[in-house]
file work.cif (mmCIF, C-alpha atoms)
data_query
#
loop_
_atom_site.group_PDB
_atom_site.id
_atom_site.type_symbol
_atom_site.label_atom_id
_atom_site.label_comp_id
_atom_site.auth_asym_id
_atom_site.auth_seq_id
_atom_site.Cartn_x
_atom_site.Cartn_y
_atom_site.Cartn_z
ATOM 1 C CA MET A 1 -19.713 3.205 -4.556
ATOM 2 C CA GLU A 2 -17.940 5.670 -2.270
ATOM 3 C CA LEU A 3 -15.983 5.543 0.967
ATOM 4 C CA ALA A 4 -15.726 9.047 2.421
ATOM 5 C CA ILE A 5 -13.280 9.893 5.211
ATOM 6 C CA LYS A 6 -14.262 13.260 6.603
ATOM 7 C CA ASN A 7 -12.043 15.313 8.922
ATOM 8 C CA VAL A 8 -10.787 12.263 10.846
ATOM 9 C CA SER A 9 -8.379 12.785 13.736
ATOM 10 C CA LYS A 10 -7.134 10.361 16.372
ATOM 11 C CA ASN A 11 -5.403 11.239 19.621
ATOM 12 C CA TYR A 12 -3.708 8.906 22.100
ATOM 13 C CA GLY A 13 -3.516 11.147 25.122
ATOM 14 C CA LYS A 14 -1.345 14.084 24.082
ATOM 15 C CA VAL A 15 -0.059 12.272 20.984
ATOM 16 C CA GLN A 16 -1.949 13.005 17.764
ATOM 17 C CA ALA A 17 -1.734 9.967 15.476
ATOM 18 C CA LEU A 18 -3.979 11.456 12.769
ATOM 19 C CA SER A 19 -4.813 15.076 12.064
ATOM 20 C CA HIS A 20 -7.925 16.087 10.101
ATOM 21 C CA ILE A 21 -7.739 13.498 7.302
ATOM 22 C CA SER A 22 -10.318 13.830 4.513
ATOM 23 C CA LEU A 23 -10.401 11.440 1.539
ATOM 24 C CA LYS A 24 -12.868 10.101 -1.005
ATOM 25 C CA LEU A 25 -12.344 6.592 -2.410
ATOM 26 C CA GLU A 26 -14.246 5.004 -5.294
ATOM 27 C CA LYS A 27 -13.750 1.731 -7.218
ATOM 28 C CA GLY A 28 -10.104 0.909 -7.832
ATOM 29 C CA ALA A 29 -6.807 0.416 -6.011
ATOM 30 C CA TYR A 30 -5.403 3.129 -3.750
ATOM 31 C CA GLY A 31 -1.931 3.149 -2.254
ATOM 32 C CA LEU A 32 -1.574 4.436 1.305
ATOM 33 C CA LEU A 33 2.101 5.304 1.385
ATOM 34 C CA GLY A 34 4.264 6.600 4.190
ATOM 35 C CA PRO A 35 7.168 5.742 6.508
ATOM 36 C CA ASN A 36 6.768 3.758 9.704
ATOM 37 C CA GLY A 37 4.866 5.807 12.271
ATOM 38 C CA ALA A 38 3.018 7.816 9.624
ATOM 39 C CA GLY A 39 -0.418 6.823 10.948
ATOM 40 C CA LYS A 40 -1.287 4.242 8.274
ATOM 41 C CA SER A 41 -2.265 1.486 10.702
ATOM 42 C CA THR A 42 -4.330 3.895 12.816
ATOM 43 C CA LEU A 43 -6.253 5.042 9.748
ATOM 44 C CA ILE A 44 -6.833 1.424 8.711
ATOM 45 C CA GLN A 45 -8.167 0.511 12.137
ATOM 46 C CA ILE A 46 -10.591 3.433 11.947
ATOM 47 C CA ILE A 47 -11.727 2.495 8.434
ATOM 48 C CA THR A 48 -12.329 -1.115 9.507
ATOM 49 C CA GLY A 49 -14.380 0.103 12.473
ATOM 50 C CA ASN A 50 -12.008 -1.421 15.039
ATOM 51 C CA LEU A 51 -11.077 2.014 16.364
ATOM 52 C CA LYS A 52 -13.173 5.121 16.903
ATOM 53 C CA PRO A 53 -11.810 8.461 15.721
ATOM 54 C CA SER A 54 -11.356 11.278 18.217
ATOM 55 C CA GLU A 55 -12.936 13.585 15.656
ATOM 56 C CA GLY A 56 -14.654 13.200 12.293
ATOM 57 C CA ASN A 57 -16.509 10.286 10.713
ATOM 58 C CA ILE A 58 -16.305 7.719 7.916
ATOM 59 C CA TYR A 59 -19.200 7.100 5.548
ATOM 60 C CA PHE A 60 -19.899 4.331 3.053
ATOM 61 C CA ASN A 61 -22.414 5.366 0.408
ATOM 62 C CA GLY A 62 -23.509 8.214 2.661
ATOM 63 C CA LYS A 63 -24.048 6.106 5.805
ATOM 64 C CA GLU A 64 -21.882 6.432 8.909
ATOM 65 C CA ILE A 65 -20.001 3.149 9.384
ATOM 66 C CA GLN A 66 -20.121 3.194 13.202
ATOM 67 C CA LYS A 67 -23.928 3.301 13.075
ATOM 68 C CA GLU A 68 -24.117 0.606 10.378
ATOM 69 C CA GLY A 69 -22.379 -1.959 12.600
ATOM 70 C CA LYS A 70 -22.625 -5.490 11.165
ATOM 71 C CA ASN A 71 -24.085 -4.226 7.905
ATOM 72 C CA TYR A 72 -20.780 -2.450 7.252
ATOM 73 C CA LYS A 73 -18.666 -5.393 8.422
ATOM 74 C CA ARG A 74 -20.395 -7.630 5.870
ATOM 75 C CA ILE A 75 -19.145 -5.574 2.937
ATOM 76 C CA LEU A 76 -15.620 -5.226 4.359
ATOM 77 C CA GLY A 77 -12.602 -7.480 3.837
ATOM 78 C CA TYR A 78 -9.402 -6.995 5.823
ATOM 79 C CA ALA A 79 -6.010 -8.691 5.475
ATOM 80 C CA PRO A 80 -3.750 -7.646 8.380
ATOM 81 C CA GLN A 81 0.029 -7.380 8.150
ATOM 82 C CA SER A 82 0.628 -10.100 10.716
ATOM 83 C CA GLN A 83 0.507 -13.693 9.494
ATOM 84 C CA GLY A 84 -1.107 -15.034 12.686
ATOM 85 C CA LEU A 85 -2.559 -18.162 11.100
ATOM 86 C CA TYR A 86 -3.616 -21.511 12.567
ATOM 87 C CA ASP A 87 -0.722 -23.693 11.402
ATOM 88 C CA MET A 88 -2.575 -26.988 11.917
ATOM 89 C CA PHE A 89 -5.500 -25.943 9.696
ATOM 90 C CA THR A 90 -5.464 -26.820 6.032
ATOM 91 C CA ALA A 91 -6.098 -23.968 3.608
ATOM 92 C CA GLU A 92 -9.608 -25.243 2.924
ATOM 93 C CA LYS A 93 -10.531 -25.705 6.604
ATOM 94 C CA PHE A 94 -9.135 -22.280 7.493
ATOM 95 C CA LEU A 95 -11.296 -20.565 4.888
ATOM 96 C CA GLU A 96 -14.341 -22.574 6.011
ATOM 97 C CA TYR A 97 -13.701 -21.464 9.601
ATOM 98 C CA ILE A 98 -13.388 -17.782 8.629
ATOM 99 C CA ALA A 99 -16.536 -18.085 6.508
ATOM 100 C CA LEU A 100 -18.461 -19.291 9.563
ATOM 101 C CA LEU A 101 -17.124 -16.354 11.599
ATOM 102 C CA LYS A 102 -18.331 -14.025 8.838
ATOM 103 C CA GLU A 103 -21.790 -15.602 9.119
ATOM 104 C CA ILE A 104 -21.841 -16.709 5.488
ATOM 105 C CA LYS A 105 -24.692 -19.152 4.901
ATOM 106 C CA LYS A 106 -23.508 -22.748 5.341
ATOM 107 C CA ALA A 107 -24.893 -23.782 1.985
ATOM 108 C CA GLU A 108 -22.778 -21.079 0.349
ATOM 109 C CA ILE A 109 -19.495 -21.862 2.077
ATOM 110 C CA PRO A 110 -18.227 -24.776 -0.105
ATOM 111 C CA ARG A 111 -18.783 -22.816 -3.319
ATOM 112 C CA GLN A 112 -17.159 -19.651 -1.967
ATOM 113 C CA VAL A 113 -14.161 -21.483 -0.494
ATOM 114 C CA ALA A 114 -13.527 -23.319 -3.780
ATOM 115 C CA GLU A 115 -13.831 -20.059 -5.686
ATOM 116 C CA ILE A 116 -11.449 -18.217 -3.354
ATOM 117 C CA LEU A 117 -8.855 -21.005 -3.497
ATOM 118 C CA LYS A 118 -8.945 -20.771 -7.286
ATOM 119 C CA THR A 119 -8.764 -16.979 -7.217
ATOM 120 C CA VAL A 120 -5.627 -16.913 -5.040
ATOM 121 C CA GLY A 121 -4.039 -19.864 -6.861
ATOM 122 C CA LEU A 122 -4.125 -22.318 -3.959
ATOM 123 C CA THR A 123 -6.550 -25.007 -5.181
ATOM 124 C CA GLU A 124 -3.765 -27.593 -5.460
ATOM 125 C CA ALA A 125 -2.610 -26.728 -1.922
ATOM 126 C CA GLN A 126 -6.073 -26.778 -0.309
ATOM 127 C CA ASP A 127 -5.304 -29.909 1.743
ATOM 128 C CA ARG A 128 -1.886 -28.730 2.903
ATOM 129 C CA LYS A 129 -1.467 -27.364 6.417
ATOM 130 C CA LEU A 130 -0.813 -23.643 6.696
ATOM 131 C CA GLY A 131 2.289 -24.277 8.816
ATOM 132 C CA GLY A 132 4.013 -25.629 5.717
ATOM 133 C CA PHE A 133 3.109 -22.680 3.478
ATOM 134 C CA SER A 134 5.716 -20.253 2.136
ATOM 135 C CA GLY A 135 5.477 -16.569 3.046
ATOM 136 C CA GLY A 136 3.827 -15.779 -0.280
ATOM 137 C CA MET A 137 1.273 -18.555 0.105
ATOM 138 C CA LYS A 138 0.408 -17.283 3.576
ATOM 139 C CA GLN A 139 -0.093 -13.791 2.208
ATOM 140 C CA ARG A 140 -2.387 -15.179 -0.486
ATOM 141 C CA ILE A 141 -4.487 -17.124 2.026
ATOM 142 C CA LEU A 142 -4.767 -13.947 4.150
ATOM 143 C CA ILE A 143 -6.017 -12.054 1.112
ATOM 144 C CA GLY A 144 -8.287 -15.005 0.329
ATOM 145 C CA GLN A 145 -10.003 -14.901 3.727
ATOM 146 C CA ALA A 146 -10.525 -11.160 3.251
ATOM 147 C CA LEU A 147 -12.295 -11.889 -0.061
ATOM 148 C CA LEU A 148 -14.847 -14.246 1.503
ATOM 149 C CA GLY A 149 -18.334 -12.808 1.204
ATOM 150 C CA ASN A 150 -17.344 -10.773 -1.886
ATOM 151 C CA PRO A 151 -16.629 -7.527 0.036
ATOM 152 C CA LYS A 152 -17.051 -4.157 -1.606
ATOM 153 C CA ILE A 153 -14.145 -2.695 0.386
ATOM 154 C CA LEU A 154 -10.832 -4.532 0.725
ATOM 155 C CA ILE A 155 -8.133 -3.301 3.122
ATOM 156 C CA LEU A 156 -4.633 -4.773 2.751
ATOM 157 C CA ASP A 157 -1.993 -3.878 5.349
ATOM 158 C CA GLU A 158 1.555 -4.423 4.014
ATOM 159 C CA PRO A 159 0.439 -7.321 1.764
ATOM 160 C CA THR A 160 3.953 -8.037 0.417
ATOM 161 C CA ALA A 161 5.948 -7.665 3.648
ATOM 162 C CA GLY A 162 8.834 -10.132 3.808
ATOM 163 C CA LEU A 163 8.237 -11.649 0.370
ATOM 164 C CA ASP A 164 10.829 -12.408 -2.284
ATOM 165 C CA PRO A 165 10.676 -10.406 -5.555
ATOM 166 C CA LYS A 166 8.793 -13.120 -7.481
ATOM 167 C CA GLU A 167 6.083 -13.390 -4.815
ATOM 168 C CA ARG A 168 5.837 -9.582 -4.571
ATOM 169 C CA ILE A 169 5.109 -9.350 -8.289
ATOM 170 C CA ARG A 170 2.542 -12.148 -8.092
ATOM 171 C CA ILE A 171 0.698 -10.523 -5.178
ATOM 172 C CA ARG A 172 0.844 -7.098 -6.844
ATOM 173 C CA ASN A 173 -0.617 -8.427 -10.107
ATOM 174 C CA PHE A 174 -3.316 -10.280 -8.191
ATOM 175 C CA ILE A 175 -4.341 -7.115 -6.324
ATOM 176 C CA SER A 176 -4.519 -5.244 -9.620
ATOM 177 C CA ARG A 177 -6.924 -7.830 -11.064
ATOM 178 C CA ILE A 178 -9.350 -7.835 -8.142
ATOM 179 C CA SER A 179 -9.486 -4.034 -7.772
ATOM 180 C CA LYS A 180 -11.711 -3.445 -10.812
ATOM 181 C CA ASN A 181 -15.004 -3.875 -8.926
ATOM 182 C CA LYS A 182 -13.931 -3.020 -5.377
ATOM 183 C CA ILE A 183 -12.439 -0.231 -3.327
ATOM 184 C CA VAL A 184 -8.992 -1.604 -2.484
ATOM 185 C CA LEU A 185 -6.752 0.269 -0.035
ATOM 186 C CA ILE A 186 -3.160 -0.974 0.180
ATOM 187 C CA ALA A 187 -1.109 0.355 3.091
ATOM 188 C CA THR A 188 2.640 0.059 2.579
ATOM 189 C CA HIS A 189 5.953 1.858 2.853
ATOM 190 C CA VAL A 190 7.308 0.035 -0.228
ATOM 191 C CA VAL A 191 6.910 2.333 -3.233
ATOM 192 C CA SER A 192 7.147 -0.403 -5.880
ATOM 193 C CA ASP A 193 4.145 -2.237 -4.392
ATOM 194 C CA ILE A 194 1.695 0.373 -5.615
ATOM 195 C CA GLU A 195 3.424 2.582 -8.185
ATOM 196 C CA THR A 196 2.044 0.716 -11.218
ATOM 197 C CA ILE A 197 -1.350 -0.464 -9.931
ATOM 198 C CA ALA A 198 -2.786 2.388 -7.865
ATOM 199 C CA ARG A 199 -5.527 4.615 -9.228
ATOM 200 C CA GLU A 200 -4.353 7.174 -6.693
ATOM 201 C CA ILE A 201 -1.591 7.351 -4.115
ATOM 202 C CA ILE A 202 -2.238 8.825 -0.681
ATOM 203 C CA LEU A 203 0.870 10.111 1.103
ATOM 204 C CA LEU A 204 0.636 10.131 4.892
ATOM 205 C CA GLY A 205 3.322 11.461 7.209
ATOM 206 C CA LYS A 206 3.257 12.022 10.971
ATOM 207 C CA GLY A 207 -0.527 11.790 10.911
ATOM 208 C CA ASN A 208 -0.959 14.419 8.206
ATOM 209 C CA LEU A 209 -2.096 14.121 4.609
ATOM 210 C CA MET A 210 1.052 15.126 2.706
ATOM 211 C CA GLY A 211 -0.275 14.600 -0.804
ATOM 212 C CA GLN A 212 -2.788 12.729 -2.950
ATOM 213 C CA GLY A 213 -3.177 12.117 -6.667
ATOM 214 C CA THR A 214 -2.581 9.789 -9.569
ATOM 215 C CA PRO A 215 0.996 8.520 -9.888
ATOM 216 C CA GLU A 216 1.339 10.572 -13.079
ATOM 217 C CA ASN A 217 0.165 13.820 -11.489
ATOM 218 C CA LEU A 218 2.302 13.345 -8.384
ATOM 219 C CA CYS A 219 5.357 12.780 -10.565
ATOM 220 C CA LYS A 220 4.602 15.927 -12.551
ATOM 221 C CA THR A 221 5.021 17.990 -9.381
ATOM 222 C CA LEU A 222 8.763 17.227 -9.556
ATOM 223 C CA ALA A 223 9.182 17.806 -13.287
ATOM 224 C CA GLY A 224 12.470 19.609 -13.924
ATOM 225 C CA ASN A 225 13.860 18.738 -10.485
ATOM 226 C CA VAL A 226 15.152 15.172 -11.002
ATOM 227 C CA TRP A 227 18.533 14.512 -12.630
ATOM 228 C CA GLU A 228 21.086 11.840 -13.378
ATOM 229 C CA CYS A 229 24.811 11.937 -13.936
ATOM 230 C CA THR A 230 27.725 9.527 -14.144
ATOM 231 C CA ILE A 231 30.646 10.394 -11.870
ATOM 232 C CA HIS A 232 33.756 8.833 -10.363
ATOM 233 C CA SER A 233 33.205 7.226 -6.976
ATOM 234 C CA GLU A 234 35.426 9.734 -5.163
ATOM 235 C CA GLN A 235 33.186 12.564 -6.376
ATOM 236 C CA TYR A 236 30.081 11.135 -4.711
ATOM 237 C CA PRO A 237 30.495 12.873 -1.295
ATOM 238 C CA ILE A 238 30.596 16.235 -3.077
ATOM 239 C CA LEU A 239 27.377 15.522 -4.975
ATOM 240 C CA GLU A 240 25.643 14.102 -1.895
ATOM 241 C CA GLU A 241 26.408 17.299 -0.012
ATOM 242 C CA LYS A 242 24.885 19.470 -2.743
ATOM 243 C CA ALA A 243 21.779 17.427 -3.698
ATOM 244 C CA MET A 244 19.248 14.889 -2.419
ATOM 245 C CA VAL A 245 20.323 11.499 -3.798
ATOM 246 C CA SER A 246 17.562 9.007 -4.616
ATOM 247 C CA ASN A 247 19.515 6.184 -6.271
ATOM 248 C CA VAL A 248 23.111 5.065 -6.854
ATOM 249 C CA GLN A 249 24.134 2.441 -9.413
ATOM 250 C CA GLU A 250 27.665 1.021 -9.670
ATOM 251 C CA MET A 251 29.092 1.189 -13.194
ATOM 252 C CA PRO A 252 32.229 -0.283 -14.840
ATOM 253 C CA GLY A 253 35.564 1.496 -14.468
ATOM 254 C CA GLY A 254 35.016 2.854 -10.953
ATOM 255 C CA THR A 255 32.163 5.145 -11.947
ATOM 256 C CA ILE A 256 28.630 5.399 -10.536
ATOM 257 C CA ARG A 257 25.361 6.604 -11.989
ATOM 258 C CA VAL A 258 23.568 8.868 -9.531
ATOM 259 C CA ARG A 259 19.929 9.956 -9.575
ATOM 260 C CA PHE A 260 19.251 13.033 -7.487
ATOM 261 C CA LEU A 261 16.811 15.852 -6.767
ATOM 262 C CA SER A 262 17.745 19.481 -7.231
ATOM 263 C CA GLU A 263 15.719 22.539 -8.144
ATOM 264 C CA GLU A 264 16.299 23.686 -11.694
ATOM 265 C CA THR A 265 17.436 27.073 -10.430
ATOM 266 C CA SER A 266 20.260 25.369 -8.472
ATOM 267 C CA ILE A 267 21.438 22.877 -11.077
ATOM 268 C CA SER A 268 23.903 25.158 -12.891
ATOM 269 C CA SER A 269 26.573 24.768 -10.209
ATOM 270 C CA LEU A 270 26.252 20.965 -10.387
ATOM 271 C CA GLN A 271 26.445 21.010 -14.175
ATOM 272 C CA ALA A 272 29.649 22.994 -13.855
ATOM 273 C CA ALA A 273 31.111 20.541 -11.330
ATOM 274 C CA PHE A 274 30.053 17.277 -13.015
ATOM 275 C CA ILE A 275 29.802 16.275 -16.650
ATOM 276 C CA ASP A 276 26.773 14.574 -18.199
ATOM 277 C CA VAL A 277 24.164 16.016 -15.811
ATOM 278 C CA ARG A 278 20.816 15.413 -17.550
ATOM 279 C CA PRO A 279 17.138 15.729 -16.563
ATOM 280 C CA VAL A 280 15.066 12.551 -16.133
ATOM 281 C CA PHE A 281 11.357 11.992 -15.630
ATOM 282 C CA PRO A 282 10.414 11.718 -11.930
ATOM 283 C CA ASN A 283 9.026 8.535 -10.394
ATOM 284 C CA ILE A 284 7.073 7.900 -7.186
ATOM 285 C CA GLN A 285 10.252 7.053 -5.300
ATOM 286 C CA ASP A 286 11.499 10.563 -6.071
ATOM 287 C CA VAL A 287 8.189 12.010 -4.845
ATOM 288 C CA TYR A 288 8.393 9.923 -1.682
ATOM 289 C CA LEU A 289 11.952 11.042 -0.979
ATOM 290 C CA ASN A 290 11.107 14.683 -1.582
ATOM 291 C CA ILE A 291 8.124 14.652 0.783
ATOM 292 C CA PHE A 292 9.493 12.464 3.554
ATOM 293 C CA SER A 293 13.199 13.319 3.573
ATOM 294 C CA GLU A 294 12.874 15.408 6.742
ATOM 295 C CA SER A 295 10.700 12.887 8.608
ATOM 296 C CA ARG A 296 13.034 10.045 7.652
#
call {"tool": "encode", "arguments": {"input": "work.cif", "output": "structure tokens"}}
result
Amino acid sequence: MELAIKNVSKNYGKVQALSHISLKLEKGAYGLLGPNGAGKSTLIQIITGNLKPSEGNIYFNGKEIQKEGKNYKRILGYAPQSQGLYDMFTAEKFLEYIALLKEIKKAEIPRQVAEILKTVGLTEAQDRKLGGFSGGMKQRILIGQALLGNPKILILDEPTAGLDPKERIRIRNFISRISKNKIVLIATHVVSDIETIAREIILLGKGNLMGQGTPENLCKTLAGNVWECTIHSEQYPILEEKAMVSNVQEMPGGTIRVRFLSEETSISSLQAAFIDVRPVFPNIQDVYLNIFSESR
């Protein structure tokens, strides 16, 4: 199974939203990571077939998706960022309605709806109206409708937007479970959503592919350039001026623990100015900050 994005660009008049994007996706979860305005939503709309590229094409198993039409739509599931649901529908009736729109055989609908409700953990809430659902429950029903028809490709646009930490973890773990036999693309600007579950992370900025790789390999690119130290609060402006700070943690006694990026060749002056400067292993947040610091 392969989704190939080949040299895709998209222009809106003189504005270039995407510039020559080429990617190859196979089974597993992929994180599409970038700040607002990076081009994530435009790329998603092109992958779902809702938008035509200005240049380039997208292929599923070697066939151009625009030419495949409904055949491609049948193997595609899409959960948009917006929770534009029908509040007066129950969870069960909503899924039945979406199943009809997807042209799933009527005889198959009850079995699939029951299976989806179980999969997203909403069986006990199947008779409740969507208007009374929490944000996390609404996100799960959106993912559930995308799973109808057992799609081979699943596109999730900001699936944890606006959720509390407990719901974010639940949704993240759920996505991880269902990605074993599908191509799952998760578009987000929240690093923690995909750091632990993505097979690969795709970094998009201002319409350009800024980086791609496994979380481990992306982190290795910053090896030797990420540091921590514990300093007094009044020293922080000095450190912030000299290095790129990625995290600050308040500590007892008026001290703070600071995580920052600095090239190894430049660290000697910081080690002279501050005690306890030590190297730490990079994470995806460090990678994100390093790549997008200028665009942010």
call {"tool": "residues_around", "arguments": {"input": "work.cif", "residues": "A:Lys14", "least_positions_apart": "4", "cutoff": "12 Å", "atoms": "all atoms listed in the file", "output": "list in words"}}
result
Lys10, Leu18 and Ser54 of chain A
call {"tool": "resolve_selection", "arguments": {"input": "work.cif", "expression": "the PyMOL selection byres ((chain A and resi 211) around 10)", "output": "list of chain:residue names"}}
result
A:Leu33, A:Ile201, A:Ile202, A:Leu203, A:Leu204, A:Gly205, A:Asn208, A:Leu209, A:Met210, A:Gln212, A:Gly213, A:Leu218, A:Val287, A:Tyr288, A:Ile291
call {"tool": "closest_residue", "arguments": {"input": "work.cif", "among": "A:Trp227, A:Glu167, A:Lys182, A:Gln81", "to": "A:Ser268", "atoms": "all atoms listed in the file"}}
result
A:Trp227
call {"tool": "residues_around", "arguments": {"input": "work.cif", "residues": "stretch 246-262 of chain A", "least_positions_apart": "2", "cutoff": "8 Å", "atoms": "only C-alpha atoms", "output": "ChimeraX atom specification"}}
result
/A:225-233,243-244,264,266-267,285-286,289-290
call {"tool": "residues_around", "arguments": {"input": "work.cif", "residues": "A:Asn181", "least_positions_apart": "5", "cutoff": "9 Å", "atoms": "all atoms listed in the file", "output": "VMD selection string"}}
result
chain A and resid 27 to 28 152
call {"tool": "atom_distance", "arguments": {"input": "work.cif", "atom1": "atom CA of A:Asn61", "atom2": "atom CA of A:Ile178"}}
result
20.4 Å
call {"tool": "residues_near_point", "arguments": {"input": "work.cif", "point": "(-8.9, -21.5, 2.8)", "cutoff": "7 Å", "atoms": "all atoms listed in the file", "output": "list in words"}}
result
Ala91, Glu92, Lys93, Phe94, Leu95, Glu96, Val113, Leu117, Gln126, Ile141, Gly144 and Gln145 of chain A
call {"tool": "closest_residue", "arguments": {"input": "work.cif", "among": "A:His189, A:Lys206, A:Lys105, A:Arg172", "to": "A:Ala29", "atoms": "all atoms listed in the file"}}
result
A:Arg172
call {"tool": "decode", "arguments": {"input": "work.cif", "residues": "stretch 3-17 of chain A", "atoms": "N, CA, C and O atoms", "output": "mmCIF file, in the first residue's frame"}}
result
data_model
loop_
_atom_site.group_PDB
_atom_site.id
_atom_site.type_symbol
_atom_site.label_atom_id
_atom_site.label_comp_id
_atom_site.auth_asym_id
_atom_site.auth_seq_id
_atom_site.Cartn_x
_atom_site.Cartn_y
_atom_site.Cartn_z
ATOM 1 N N LEU A 3 0.863 5.650 -0.829
ATOM 2 C CA LEU A 3 0.338 6.941 -1.266
ATOM 3 C C LEU A 3 1.538 7.796 -1.642
ATOM 4 O O LEU A 3 2.386 8.089 -0.798
ATOM 5 N N ALA A 4 1.625 8.161 -2.923
ATOM 6 C CA ALA A 4 2.780 8.905 -3.420
ATOM 7 C C ALA A 4 2.363 10.320 -3.806
ATOM 8 O O ALA A 4 1.466 10.511 -4.635
ATOM 9 N N ILE A 5 2.998 11.295 -3.199
ATOM 10 C CA ILE A 5 2.779 12.709 -3.503
ATOM 11 C C ILE A 5 3.984 13.168 -4.311
ATOM 12 O O ILE A 5 5.112 13.159 -3.809
ATOM 13 N N LYS A 6 3.756 13.521 -5.556
ATOM 14 C CA LYS A 6 4.867 13.783 -6.457
ATOM 15 C C LYS A 6 4.851 15.225 -6.979
ATOM 16 O O LYS A 6 3.967 15.622 -7.730
ATOM 17 N N ASN A 7 5.825 16.002 -6.508
ATOM 18 C CA ASN A 7 6.078 17.354 -7.000
ATOM 19 C C ASN A 7 4.829 18.235 -6.959
ATOM 20 O O ASN A 7 4.518 18.957 -7.903
ATOM 21 N N VAL A 8 4.104 18.199 -5.846
ATOM 22 C CA VAL A 8 2.833 18.921 -5.736
ATOM 23 C C VAL A 8 3.057 20.372 -5.310
ATOM 24 O O VAL A 8 3.729 20.646 -4.308
ATOM 25 N N SER A 9 2.501 21.281 -6.082
ATOM 26 C CA SER A 9 2.498 22.704 -5.754
ATOM 27 C C SER A 9 1.071 23.221 -5.838
ATOM 28 O O SER A 9 0.242 22.677 -6.577
ATOM 29 N N LYS A 10 0.786 24.284 -5.087
ATOM 30 C CA LYS A 10 -0.525 24.912 -5.155
ATOM 31 C C LYS A 10 -0.365 26.422 -5.020
ATOM 32 O O LYS A 10 0.242 26.921 -4.063
ATOM 33 N N ASN A 11 -0.904 27.127 -6.009
ATOM 34 C CA ASN A 11 -0.857 28.584 -6.010
ATOM 35 C C ASN A 11 -2.265 29.147 -5.898
ATOM 36 O O ASN A 11 -3.205 28.635 -6.518
ATOM 37 N N TYR A 12 -2.399 30.210 -5.095
ATOM 38 C CA TYR A 12 -3.634 30.994 -5.044
ATOM 39 C C TYR A 12 -3.291 32.375 -5.594
ATOM 40 O O TYR A 12 -2.824 33.248 -4.855
ATOM 41 N N GLY A 13 -3.459 32.554 -6.889
ATOM 42 C CA GLY A 13 -3.008 33.777 -7.503
ATOM 43 C C GLY A 13 -1.490 33.858 -7.434
ATOM 44 O O GLY A 13 -0.785 32.942 -7.860
ATOM 45 N N LYS A 14 -0.977 34.920 -6.831
ATOM 46 C CA LYS A 14 0.470 35.081 -6.708
ATOM 47 C C LYS A 14 1.030 34.431 -5.443
ATOM 48 O O LYS A 14 2.240 34.399 -5.227
ATOM 49 N N VAL A 15 0.134 33.929 -4.598
ATOM 50 C CA VAL A 15 0.562 33.308 -3.335
ATOM 51 C C VAL A 15 0.776 31.811 -3.554
ATOM 52 O O VAL A 15 -0.121 31.107 -4.035
ATOM 53 N N GLN A 16 1.949 31.317 -3.203
ATOM 54 C CA GLN A 16 2.244 29.894 -3.333
ATOM 55 C C GLN A 16 2.051 29.225 -1.971
ATOM 56 O O GLN A 16 2.832 29.427 -1.038
ATOM 57 N N ALA A 17 0.994 28.414 -1.872
ATOM 58 C CA ALA A 17 0.682 27.739 -0.608
ATOM 59 C C ALA A 17 1.518 26.480 -0.413
ATOM 60 O O ALA A 17 1.834 26.112 0.720
#
